[in-house]
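Chemist: Data: final.cif, mmCIF, C-alpha atoms.
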data_data
loop_
_atom_site.group_PDB
_atom_site.id
_atom_site.type_symbol
_atom_site.label_atom_id
_atom_site.label_comp_id
_atom_site.auth_asym_id
_atom_site.auth_seq_id
_atom_site.Cartn_x
_atom_site.Cartn_y
_atom_site.Cartn_z
ATOM 1 C CA GLY A 1036 1.833 28.534 4.497
ATOM 2 C CA TYR A 1037 -0.456 25.623 3.813
ATOM 3 C CA LYS A 1038 -3.043 25.212 1.101
ATOM 4 C CA ASP A 1039 -5.521 22.461 0.276
ATOM 5 C CA VAL A 1040 -4.468 20.394 -2.731
ATOM 6 C CA LYS A 1041 -6.186 17.556 -4.547
ATOM 7 C CA GLU A 1042 -4.053 14.593 -5.504
ATOM 8 C CA ARG A 1043 -4.764 11.010 -6.448
ATOM 9 C CA SER A 1044 -4.532 8.250 -3.897
ATOM 10 C CA ALA A 1045 -4.391 4.559 -4.742
ATOM 11 C CA ILE A 1046 -5.779 1.406 -3.209
ATOM 12 C CA VAL A 1047 -3.347 -1.355 -4.067
ATOM 13 C CA ARG A 1048 -3.744 -5.153 -3.890
ATOM 14 C CA PHE A 1049 -0.949 -7.083 -2.205
ATOM 15 C CA LYS A 1050 -1.128 -10.885 -2.630
ATOM 16 C CA VAL A 1051 -0.920 -12.645 0.711
ATOM 17 C CA LYS A 1052 1.503 -15.556 0.282
ATOM 18 C CA ASP A 1053 0.113 -19.043 0.887
ATOM 19 C CA GLU A 1054 -3.434 -17.603 1.032
ATOM 20 C CA ASP A 1055 -6.077 -17.082 -1.608
ATOM 21 C CA ALA A 1056 -6.499 -13.442 -0.652
ATOM 22 C CA TYR A 1057 -5.222 -9.942 -1.290
ATOM 23 C CA ILE A 1058 -4.775 -7.263 1.351
ATOM 24 C CA LEU A 1059 -5.730 -3.723 0.314
ATOM 25 C CA ALA A 1060 -3.421 -0.867 1.268
ATOM 26 C CA TRP A 1061 -4.047 2.817 0.636
ATOM 27 C CA THR A 1062 -1.372 5.330 -0.313
ATOM 28 C CA THR A 1063 -1.274 9.017 -1.171
ATOM 29 C CA THR A 1064 2.334 8.673 -2.375
ATOM 30 C CA PRO A 1065 2.407 6.141 -5.233
ATOM 31 C CA TRP A 1066 6.073 6.913 -5.979
ATOM 32 C CA THR A 1067 7.017 5.246 -2.657
ATOM 33 C CA LEU A 1068 5.549 1.868 -3.689
ATOM 34 C CA SER A 1069 8.910 1.141 -5.341
ATOM 35 C CA SER A 1070 10.400 0.983 -1.849
ATOM 36 C CA ASN A 1071 7.718 -0.965 0.001
ATOM 37 C CA VAL A 1072 9.145 -3.380 2.592
ATOM 38 C CA ALA A 1073 6.134 -4.059 4.853
ATOM 39 C CA LEU A 1074 2.421 -3.539 5.405
ATOM 40 C CA ALA A 1075 1.186 -2.321 8.780
ATOM 41 C CA VAL A 1076 -2.111 -3.120 10.477
ATOM 42 C CA ASN A 1077 -3.528 -2.164 13.842
ATOM 43 C CA PRO A 1078 -3.763 -5.381 15.886
ATOM 44 C CA ASP A 1079 -6.850 -4.076 17.729
ATOM 45 C CA ILE A 1080 -8.915 -2.948 14.714
ATOM 46 C CA ASP A 1081 -11.575 -5.222 13.203
ATOM 47 C CA TYR A 1082 -10.720 -6.426 9.692
ATOM 48 C CA VAL A 1083 -12.840 -8.326 7.198
ATOM 49 C CA GLU A 1084 -12.297 -10.753 4.369
ATOM 50 C CA VAL A 1085 -14.642 -9.828 1.511
ATOM 51 C CA LYS A 1086 -15.505 -11.498 -1.798
ATOM 52 C CA ILE A 1087 -15.926 -8.893 -4.567
ATOM 53 C CA LYS A 1088 -18.039 -8.966 -7.729
ATOM 54 C CA SER A 1089 -15.601 -7.511 -10.269
ATOM 55 C CA ASP A 1090 -13.223 -10.485 -10.328
ATOM 56 C CA GLU A 1091 -14.401 -12.680 -7.450
ATOM 57 C CA GLN A 1092 -11.169 -12.135 -5.558
ATOM 58 C CA THR A 1093 -11.042 -12.178 -1.782
ATOM 59 C CA LEU A 1094 -9.863 -8.871 -0.335
ATOM 60 C CA ILE A 1095 -8.846 -7.959 3.225
ATOM 61 C CA LEU A 1096 -9.288 -4.493 4.719
ATOM 62 C CA ALA A 1097 -10.494 -2.804 7.904
ATOM 63 C CA LYS A 1098 -14.197 -3.327 8.576
ATOM 64 C CA ILE A 1099 -14.961 0.399 8.675
ATOM 65 C CA ALA A 1100 -13.135 0.871 5.345
ATOM 66 C CA ILE A 1101 -15.508 -1.434 3.481
ATOM 67 C CA ARG A 1102 -17.085 1.726 2.015
ATOM 68 C CA HIS A 1103 -14.189 1.846 -0.472
ATOM 69 C CA LEU A 1104 -15.564 -1.292 -2.136
ATOM 70 C CA GLY A 1105 -18.935 0.314 -2.905
ATOM 71 C CA ASP A 1106 -21.141 -1.873 -5.095
ATOM 72 C CA ASP A 1107 -18.210 -4.225 -5.737
ATOM 73 C CA LYS A 1108 -18.780 -5.897 -2.360
ATOM 74 C CA LEU A 1109 -20.403 -9.293 -2.817
ATOM 75 C CA GLU A 1110 -20.105 -11.046 0.543
ATOM 76 C CA VAL A 1111 -18.298 -10.608 3.859
ATOM 77 C CA LEU A 1112 -16.698 -13.992 4.520
ATOM 78 C CA ARG A 1113 -15.399 -13.360 8.028
ATOM 79 C CA ALA A 1114 -14.330 -10.692 10.524
ATOM 80 C CA PHE A 1115 -11.238 -10.820 12.752
ATOM 81 C CA LYS A 1116 -8.754 -8.628 14.620
ATOM 82 C CA GLY A 1117 -5.706 -7.212 12.846
ATOM 83 C CA SER A 1118 -3.489 -9.296 15.119
ATOM 84 C CA GLU A 1119 -4.366 -12.326 12.929
ATOM 85 C CA LEU A 1120 -2.608 -10.667 9.969
ATOM 86 C CA VAL A 1121 0.646 -9.842 11.768
ATOM 87 C CA GLY A 1122 3.516 -12.002 10.532
ATOM 88 C CA LEU A 1123 1.917 -13.024 7.224
ATOM 89 C CA HIS A 1124 4.081 -12.577 4.117
ATOM 90 C CA PHE A 1125 2.982 -10.839 0.922
ATOM 91 C CA GLU A 1126 4.200 -10.021 -2.569
ATOM 92 C CA THR A 1127 5.246 -6.385 -2.920
ATOM 93 C CA CYS A 1128 4.160 -4.189 -5.848
ATOM 94 C CA PHE A 1129 7.315 -4.494 -7.916
ATOM 95 C CA PRO A 1130 9.175 -7.610 -6.715
ATOM 96 C CA TYR A 1131 11.356 -7.656 -9.842
ATOM 97 C CA LEU A 1132 13.127 -4.383 -8.973
ATOM 98 C CA PRO A 1133 16.816 -5.005 -8.174
ATOM 99 C CA ALA A 1134 16.414 -2.731 -5.117
ATOM 100 C CA GLN A 1135 13.827 -5.209 -3.735
ATOM 101 C CA ALA A 1136 16.116 -8.263 -3.930
ATOM 102 C CA GLY A 1137 16.367 -10.250 -0.713
ATOM 103 C CA ILE A 1138 13.682 -8.360 1.222
ATOM 104 C CA GLU A 1139 11.234 -10.447 3.237
ATOM 105 C CA HIS A 1140 7.917 -8.611 2.924
ATOM 106 C CA LYS A 1141 5.658 -9.159 5.918
ATOM 107 C CA ILE A 1142 2.718 -7.631 7.740
ATOM 108 C CA VAL A 1143 3.645 -5.839 10.960
ATOM 109 C CA ALA A 1144 1.689 -4.391 13.871
ATOM 110 C CA TRP A 1145 1.519 -0.614 14.280
ATOM 111 C CA GLU A 1146 -0.791 1.000 16.805
ATOM 112 C CA ASP A 1147 -0.909 4.262 14.784
ATOM 113 C CA VAL A 1148 -2.807 2.653 11.889
ATOM 114 C CA ASP A 1149 -6.441 3.713 11.574
ATOM 115 C CA ALA A 1150 -9.039 3.475 8.848
ATOM 116 C CA ASP A 1151 -10.496 6.963 8.962
ATOM 117 C CA GLU A 1152 -9.295 7.740 5.428
ATOM 118 C CA GLY A 1153 -7.717 4.607 4.013
ATOM 119 C CA THR A 1154 -8.174 0.855 4.236
ATOM 120 C CA GLY A 1155 -6.737 0.248 7.698
ATOM 121 C CA VAL A 1156 -3.584 -1.106 6.049
ATOM 122 C CA VAL A 1157 -0.573 1.160 5.549
ATOM 123 C CA HIS A 1158 2.182 0.439 3.040
ATOM 124 C CA ILE A 1159 5.537 0.965 4.757
ATOM 125 C CA ALA A 1160 8.605 2.398 2.991
ATOM 126 C CA PRO A 1161 11.189 3.383 5.651
ATOM 127 C CA GLY A 1162 13.446 4.932 3.002
ATOM 128 C CA CYS A 1163 10.762 7.461 2.023
ATOM 129 C CA GLY A 1164 9.146 9.101 5.040
ATOM 130 C CA ILE A 1165 9.763 9.968 8.667
ATOM 131 C CA GLU A 1166 6.910 7.931 10.238
ATOM 132 C CA ASP A 1167 7.860 4.853 8.212
ATOM 133 C CA PHE A 1168 11.541 5.421 9.030
ATOM 134 C CA GLU A 1169 10.811 5.599 12.764
ATOM 135 C CA LEU A 1170 8.673 2.435 12.658
ATOM 136 C CA GLY A 1171 11.389 0.683 10.648
ATOM 137 C CA GLU A 1172 14.049 1.689 13.168
ATOM 138 C CA ARG A 1173 11.910 0.456 16.039
ATOM 139 C CA ILE A 1174 11.186 -2.995 14.565
ATOM 140 C CA GLY A 1175 14.222 -3.509 12.323
ATOM 141 C CA LEU A 1176 12.844 -3.070 8.805
ATOM 142 C CA PRO A 1177 15.186 -2.614 5.824
ATOM 143 C CA LYS A 1178 15.374 0.809 4.164
ATOM 144 C CA VAL A 1179 15.129 1.104 0.389
ATOM 145 C CA MET A 1180 16.130 4.629 -0.682
ATOM 146 C CA PRO A 1181 14.662 5.238 -4.156
ATOM 147 C CA ILE A 1182 15.506 8.853 -5.017
ATOM 148 C CA ASP A 1183 18.270 11.436 -4.875
ATOM 149 C CA ASP A 1184 17.986 14.939 -3.383
ATOM 150 C CA MET A 1185 16.241 16.195 -6.529
ATOM 151 C CA GLY A 1186 13.581 13.446 -6.453
ATOM 152 C CA ILE A 1187 15.096 11.452 -9.323
ATOM 153 C CA TYR A 1188 15.030 7.655 -9.073
ATOM 154 C CA LEU A 1189 18.397 6.020 -8.483
ATOM 155 C CA ASP A 1190 19.794 2.900 -10.156
ATOM 156 C CA GLY A 1191 18.129 -0.359 -9.126
ATOM 157 C CA PHE A 1192 14.566 0.711 -9.926
ATOM 158 C CA ASP A 1193 14.204 -0.670 -13.467
ATOM 159 C CA TRP A 1194 11.757 1.435 -15.547
ATOM 160 C CA MET A 1195 11.721 4.133 -12.833
ATOM 161 C CA THR A 1196 15.500 4.747 -12.838
ATOM 162 C CA GLY A 1197 16.291 8.306 -13.958
ATOM 163 C CA LYS A 1198 12.670 9.486 -13.774
ATOM 164 C CA ASP A 1199 11.248 12.257 -11.587
ATOM 165 C CA SER A 1200 9.293 10.922 -8.591
ATOM 166 C CA HIS A 1201 7.008 13.980 -8.732
ATOM 167 C CA THR A 1202 5.643 13.071 -12.172
ATOM 168 C CA ILE A 1203 5.655 9.266 -12.177
ATOM 169 C CA ALA A 1204 2.209 8.514 -10.682
ATOM 170 C CA ASP A 1205 0.548 7.706 -14.033
ATOM 171 C CA GLU A 1206 3.276 5.203 -14.927
ATOM 172 C CA VAL A 1207 3.082 3.617 -11.472
ATOM 173 C CA PHE A 1208 -0.692 3.217 -11.907
ATOM 174 C CA GLU A 1209 -0.224 1.739 -15.409
ATOM 175 C CA HIS A 1210 2.265 -0.868 -14.162
ATOM 176 C CA LEU A 1211 0.070 -1.770 -11.192
ATOM 177 C CA GLN A 1212 -2.962 -2.073 -13.486
ATOM 178 C CA ALA A 1213 -1.057 -4.324 -15.908
ATOM 179 C CA ASP A 1214 -0.137 -6.621 -12.991
ATOM 180 C CA ASN A 1215 -3.723 -6.579 -11.588
ATOM 181 C CA LYS A 1216 -2.435 -4.911 -8.415
ATOM 182 C CA LEU A 1217 -4.318 -1.617 -8.713
ATOM 183 C CA TYR A 1218 -7.775 -1.787 -7.157
ATOM 184 C CA LYS A 1219 -8.818 1.852 -7.366
ATOM 185 C CA VAL A 1220 -7.553 5.411 -7.800
ATOM 186 C CA GLU A 1221 -9.423 8.080 -5.847
ATOM 187 C CA PRO A 1222 -9.068 11.855 -5.436
ATOM 188 C CA HIS A 1223 -7.698 12.921 -2.060
ATOM 189 C CA GLU A 1224 -7.689 16.440 -0.642
ATOM 190 C CA HIS A 1225 -5.171 17.386 2.035
ATOM 191 C CA SER A 1226 -3.206 20.377 3.323
ATOM 192 C CA TYR A 1227 0.256 20.800 1.844
#
Would you mind giving the structure from this file in structure tokens?
Modeler:
Amino acid sequence: GYKDVKERSAIVRFKVKDEDAYILAWTTTPWTLSSNVALAVNPDIDYVEVKIKSDEQTLILAKIAIRHLGDDKLEVLRAFKGSELVGLHFETCFPYLPAQAGIEHKIVAWEDVDADEGTGVVHIAPGCGIEDFELGERIGLPKVMPIDDMGIYLDGFDWMTGKDSHTIADEVFEHLQADNKLYKVEPHEHSY
């Protein structure tokens, strides 16, 4: 059967290459960030570029997801459709991982993206979940497989190698925080 469980979700900053902006993606599975190969946006959703108070960075997220910024929102600089983001390149969470070598990280279009819960930007790891796998197959994304059948990280994942993916969230958050890539951690309730 199913039961409602509370877990922590993360809003992560991804630096858009050749732009002075970060795109915010939401994930309920921080262990999969090791295997990120793309970010997905809905080309028909309205997105905004927002200046924030905490560090005066420019962040990009879906317009209806602006609630996640709370009092940190300083100014909306512009609004645009997600289609403007498709094809842009970004820096992944852990670019130094050997398993990430040679991957071209870019923003892709995916009509299934919404902003009802998250930021309107989905981090894509085709080696970690069925929906991501299917999208990756359809548009030709690489697959980075991080764990074995017991959930233990394989070689090629630096400080994660040999650790249990079920208990690594705190370390993932610490590394993201140290690299100024963690925007916020929030509780998330879902059926499991």
Chemist: So how far away is atom CA of Asp1053 of chain A from atom CA of Leu1123 of chain A, in Å?
Modeler: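 Computing the Euclidean distance for atom CA of Leu1123 of chain A and atom CA of Asp1053 of chain A yields 8.9 Å.
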Chemist: Evaluate the PyMOL selection byres ((chain A and resi 1097-1106) around 10) on the structure here and hand back the selected residues as number ranges by chain.
Modeler: A: 1046, 1058-1060, 1076-1077, 1080-1085, 1087-1089, 1094-1096, 1107-1109, 1111, 1114-1117, 1149-1156, 1218-1219, 1221
Chemist: I want to know what sits within 12 Å of Phe1168 of chain A, based on all atoms listed in the file, with residues of the same chain fewer than 3 positions away left out; could you give that as a PyMOL selection string?
Modeler: chain A and resi 1070-1073+1159-1165+1171-1180
Chemist: Take every atom of segment 1170-1176 of chain A listed in the file, pad by 4 Å on each side, and give me the axis-aligned box centre and edge lengths in Å, one decimal, as JSON.
Modeler:
{"center_x": 11.4, "center_y": -0.5, "center_z": 12.4, "size_x": 13.5, "size_y": 13.9, "size_z": 15.2}
Chemist: Between atom CA of Ile1182 of chain A and atom CA of Asp1199 of chain A, what is the distance in Å, rounded to a tenth?
Modeler: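 That distance, rounded to one decimal, is 8.5 Å.
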Chemist: With 10 Å as the threshold, what does the neighbourhood of (10.9, 5.1, -6.2) contain in terms of residues, counting all atoms listed in the file? Coordinates are those of the file; answer as JSON, numbers by chain.
Modeler: {"A": [1065, 1066, 1067, 1068, 1069, 1070, 1071, 1134, 1160, 1162, 1163, 1179, 1180, 1181, 1182, 1183, 1186, 1187, 1188, 1189, 1190, 1191, 1192, 1193, 1195, 1196, 1197, 1198, 1199, 1200, 1203, 1207]}
Chemist: At most 10 Å is the cut-off: for each residue in segment 1091-1197 of chain A with any atom that close to an atom of segment 1213-1216 of chain A, write down the nearest atom pair and the distance in Å rounded to one decimal, counting all atoms listed in the file, chain first then increasing number, as a Markdown table.
Modeler:
| residue | atom | partner | partner_atom | distance |
| --- | --- | --- | --- | --- |
| A:Thr1127 | CA | A:Lys1216 | CA | 9.6 |
| A:Cys1128 | CA | A:Lys1216 | CA | 7.1 |
| A:Phe1129 | CA | A:Asp1214 | CA | 9.3 |
Chemist: Give me, please, the distance in Å between atom CA of Ser1118 of chain A and atom CA of Val1220 of chain A, quoted to one decimal.
Modeler: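 If I compute the distance from atom CA of Ser1118 of chain A to atom CA of Val1220 of chain A, I get 27.5 Å.
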Chemist: Could you spell out the hits of the PyMOL selection byres ((chain A and resi 1052) around 6) on the shown file, as a count of residues only?
Modeler: 5
Chemist: For Val1121 of chain A, which residue among A:Leu1170, A:Ala1075, A:Ala1136, A:Thr1093 is the nearest when counting all atoms listed in the file?
Modeler: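 Once distances to Val1121 of chain A are computed over all atoms listed in the file, the minimum belongs to A:Ala1075.
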Chemist: So which residues fall inside 8 Å of (-4.1, 7.8, -3.5) if we count only C-alpha atoms? Mind giving them as a VMD selection string?
Modeler: chain A and resid 1042 to 1046 1061 to 1065 1220 to 1223
Chemist: For Phe1208 of chain A, which residue among A:Arg1048, A:His1158, A:Arg1113, A:Lys1086 is the nearest when counting only C-alpha atoms?
Modeler: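 Checking each of A:Arg1048, A:His1158, A:Arg1113, A:Lys1086 against Phe1208 of chain A, counting only C-alpha atoms, the winner is A:Arg1048.
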Chemist: Nearest residue to His1210 of chain A out of A:Gln1092, A:Ala1144, A:Gly1137, A:Trp1194, using all atoms listed in the file?
Modeler: A:Trp1194
Chemist: Which residue, A:Glu1119, A:Glu1166, A:Glu1091, A:Asp1205, has the smallest gap to Asp1079 of chain A when you use only C-alpha atoms?
Modeler: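 Going through A:Glu1119, A:Glu1166, A:Glu1091, A:Asp1205 one by one, the smallest distance to Asp1079 of chain A is for A:Glu1119.
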Chemist: Complete segment 1096-1107 of chain A with all heavy atoms (output as a compact mmCIF listing (two decimals), in the frame of the given file).
Modeler:
# COMPACT_ATOMS: atom_id res chain seq x y z
N LEU A 1096 -9.43 -5.89 4.34
CA LEU A 1096 -9.29 -4.49 4.72
C LEU A 1096 -10.00 -4.28 6.05
O LEU A 1096 -10.70 -5.18 6.54
CB LEU A 1096 -9.84 -3.55 3.65
CG LEU A 1096 -11.35 -3.49 3.43
CD1 LEU A 1096 -11.69 -2.24 2.62
CD2 LEU A 1096 -11.88 -4.71 2.72
N ALA A 1097 -9.82 -3.11 6.65
CA ALA A 1097 -10.49 -2.80 7.90
C ALA A 1097 -12.00 -2.78 7.68
O ALA A 1097 -12.49 -2.36 6.63
CB ALA A 1097 -10.02 -1.47 8.46
N LYS A 1098 -12.74 -3.25 8.68
CA LYS A 1098 -14.20 -3.33 8.58
C LYS A 1098 -14.81 -1.97 8.26
O LYS A 1098 -15.69 -1.87 7.41
CB LYS A 1098 -14.77 -3.89 9.87
CG LYS A 1098 -16.24 -4.12 9.85
CD LYS A 1098 -16.71 -4.76 11.15
CE LYS A 1098 -18.20 -5.00 11.13
NZ LYS A 1098 -18.65 -5.62 12.39
N ILE A 1099 -14.35 -0.91 8.93
CA ILE A 1099 -14.96 0.40 8.68
C ILE A 1099 -14.55 1.00 7.32
O ILE A 1099 -15.13 1.97 6.87
CB ILE A 1099 -14.70 1.41 9.81
CG1 ILE A 1099 -13.23 1.81 9.89
CG2 ILE A 1099 -15.20 0.90 11.13
CD1 ILE A 1099 -12.99 3.00 10.79
N ALA A 1100 -13.58 0.39 6.65
CA ALA A 1100 -13.14 0.87 5.34
C ALA A 1100 -13.86 0.18 4.19
O ALA A 1100 -13.57 0.44 3.03
CB ALA A 1100 -11.63 0.67 5.21
N ILE A 1101 -14.80 -0.67 4.51
CA ILE A 1101 -15.51 -1.43 3.48
C ILE A 1101 -16.22 -0.52 2.49
O ILE A 1101 -16.51 -0.91 1.37
CB ILE A 1101 -16.46 -2.45 4.15
CG1 ILE A 1101 -16.63 -3.68 3.28
CG2 ILE A 1101 -17.77 -1.82 4.53
CD1 ILE A 1101 -17.23 -4.86 4.01
N ARG A 1102 -16.44 0.74 2.90
CA ARG A 1102 -17.08 1.73 2.02
C ARG A 1102 -16.31 1.91 0.71
O ARG A 1102 -16.90 2.27 -0.32
CB ARG A 1102 -17.24 3.07 2.74
CG ARG A 1102 -15.91 3.74 3.04
CD ARG A 1102 -16.04 4.96 3.95
NE ARG A 1102 -14.78 5.58 4.22
CZ ARG A 1102 -13.89 5.13 5.11
NH1 ARG A 1102 -14.13 4.04 5.79
NH2 ARG A 1102 -12.74 5.76 5.30
N HIS A 1103 -15.00 1.68 0.74
CA HIS A 1103 -14.19 1.85 -0.47
C HIS A 1103 -14.56 0.83 -1.56
O HIS A 1103 -14.26 1.04 -2.72
CB HIS A 1103 -12.70 1.71 -0.15
CG HIS A 1103 -12.14 2.87 0.61
ND1 HIS A 1103 -11.99 4.12 0.09
CD2 HIS A 1103 -11.71 2.96 1.90
CE1 HIS A 1103 -11.49 4.94 0.99
NE2 HIS A 1103 -11.30 4.25 2.11
N LEU A 1104 -15.19 -0.27 -1.16
CA LEU A 1104 -15.56 -1.29 -2.14
C LEU A 1104 -16.85 -0.93 -2.87
O LEU A 1104 -17.09 -1.43 -3.96
CB LEU A 1104 -15.73 -2.65 -1.44
CG LEU A 1104 -14.51 -3.17 -0.69
CD1 LEU A 1104 -14.82 -4.53 -0.07
CD2 LEU A 1104 -13.28 -3.25 -1.57
N GLY A 1105 -17.68 -0.09 -2.27
CA GLY A 1105 -18.93 0.31 -2.90
C GLY A 1105 -19.76 -0.88 -3.34
O GLY A 1105 -19.92 -1.86 -2.60
N ASP A 1106 -20.29 -0.81 -4.56
CA ASP A 1106 -21.14 -1.87 -5.10
C ASP A 1106 -20.36 -3.12 -5.48
O ASP A 1106 -20.95 -4.12 -5.87
CB ASP A 1106 -21.91 -1.37 -6.33
CG ASP A 1106 -22.94 -0.32 -5.97
OD1 ASP A 1106 -23.35 -0.27 -4.79
OD2 ASP A 1106 -23.33 0.46 -6.86
N ASP A 1107 -19.04 -3.07 -5.39
CA ASP A 1107 -18.21 -4.22 -5.74
C ASP A 1107 -18.26 -5.31 -4.65
O ASP A 1107 -17.92 -6.45 -4.89
CB ASP A 1107 -16.76 -3.79 -5.98
CG ASP A 1107 -15.96 -4.81 -6.78
OD1 ASP A 1107 -16.56 -5.64 -7.47
OD2 ASP A 1107 -14.72 -4.74 -6.69
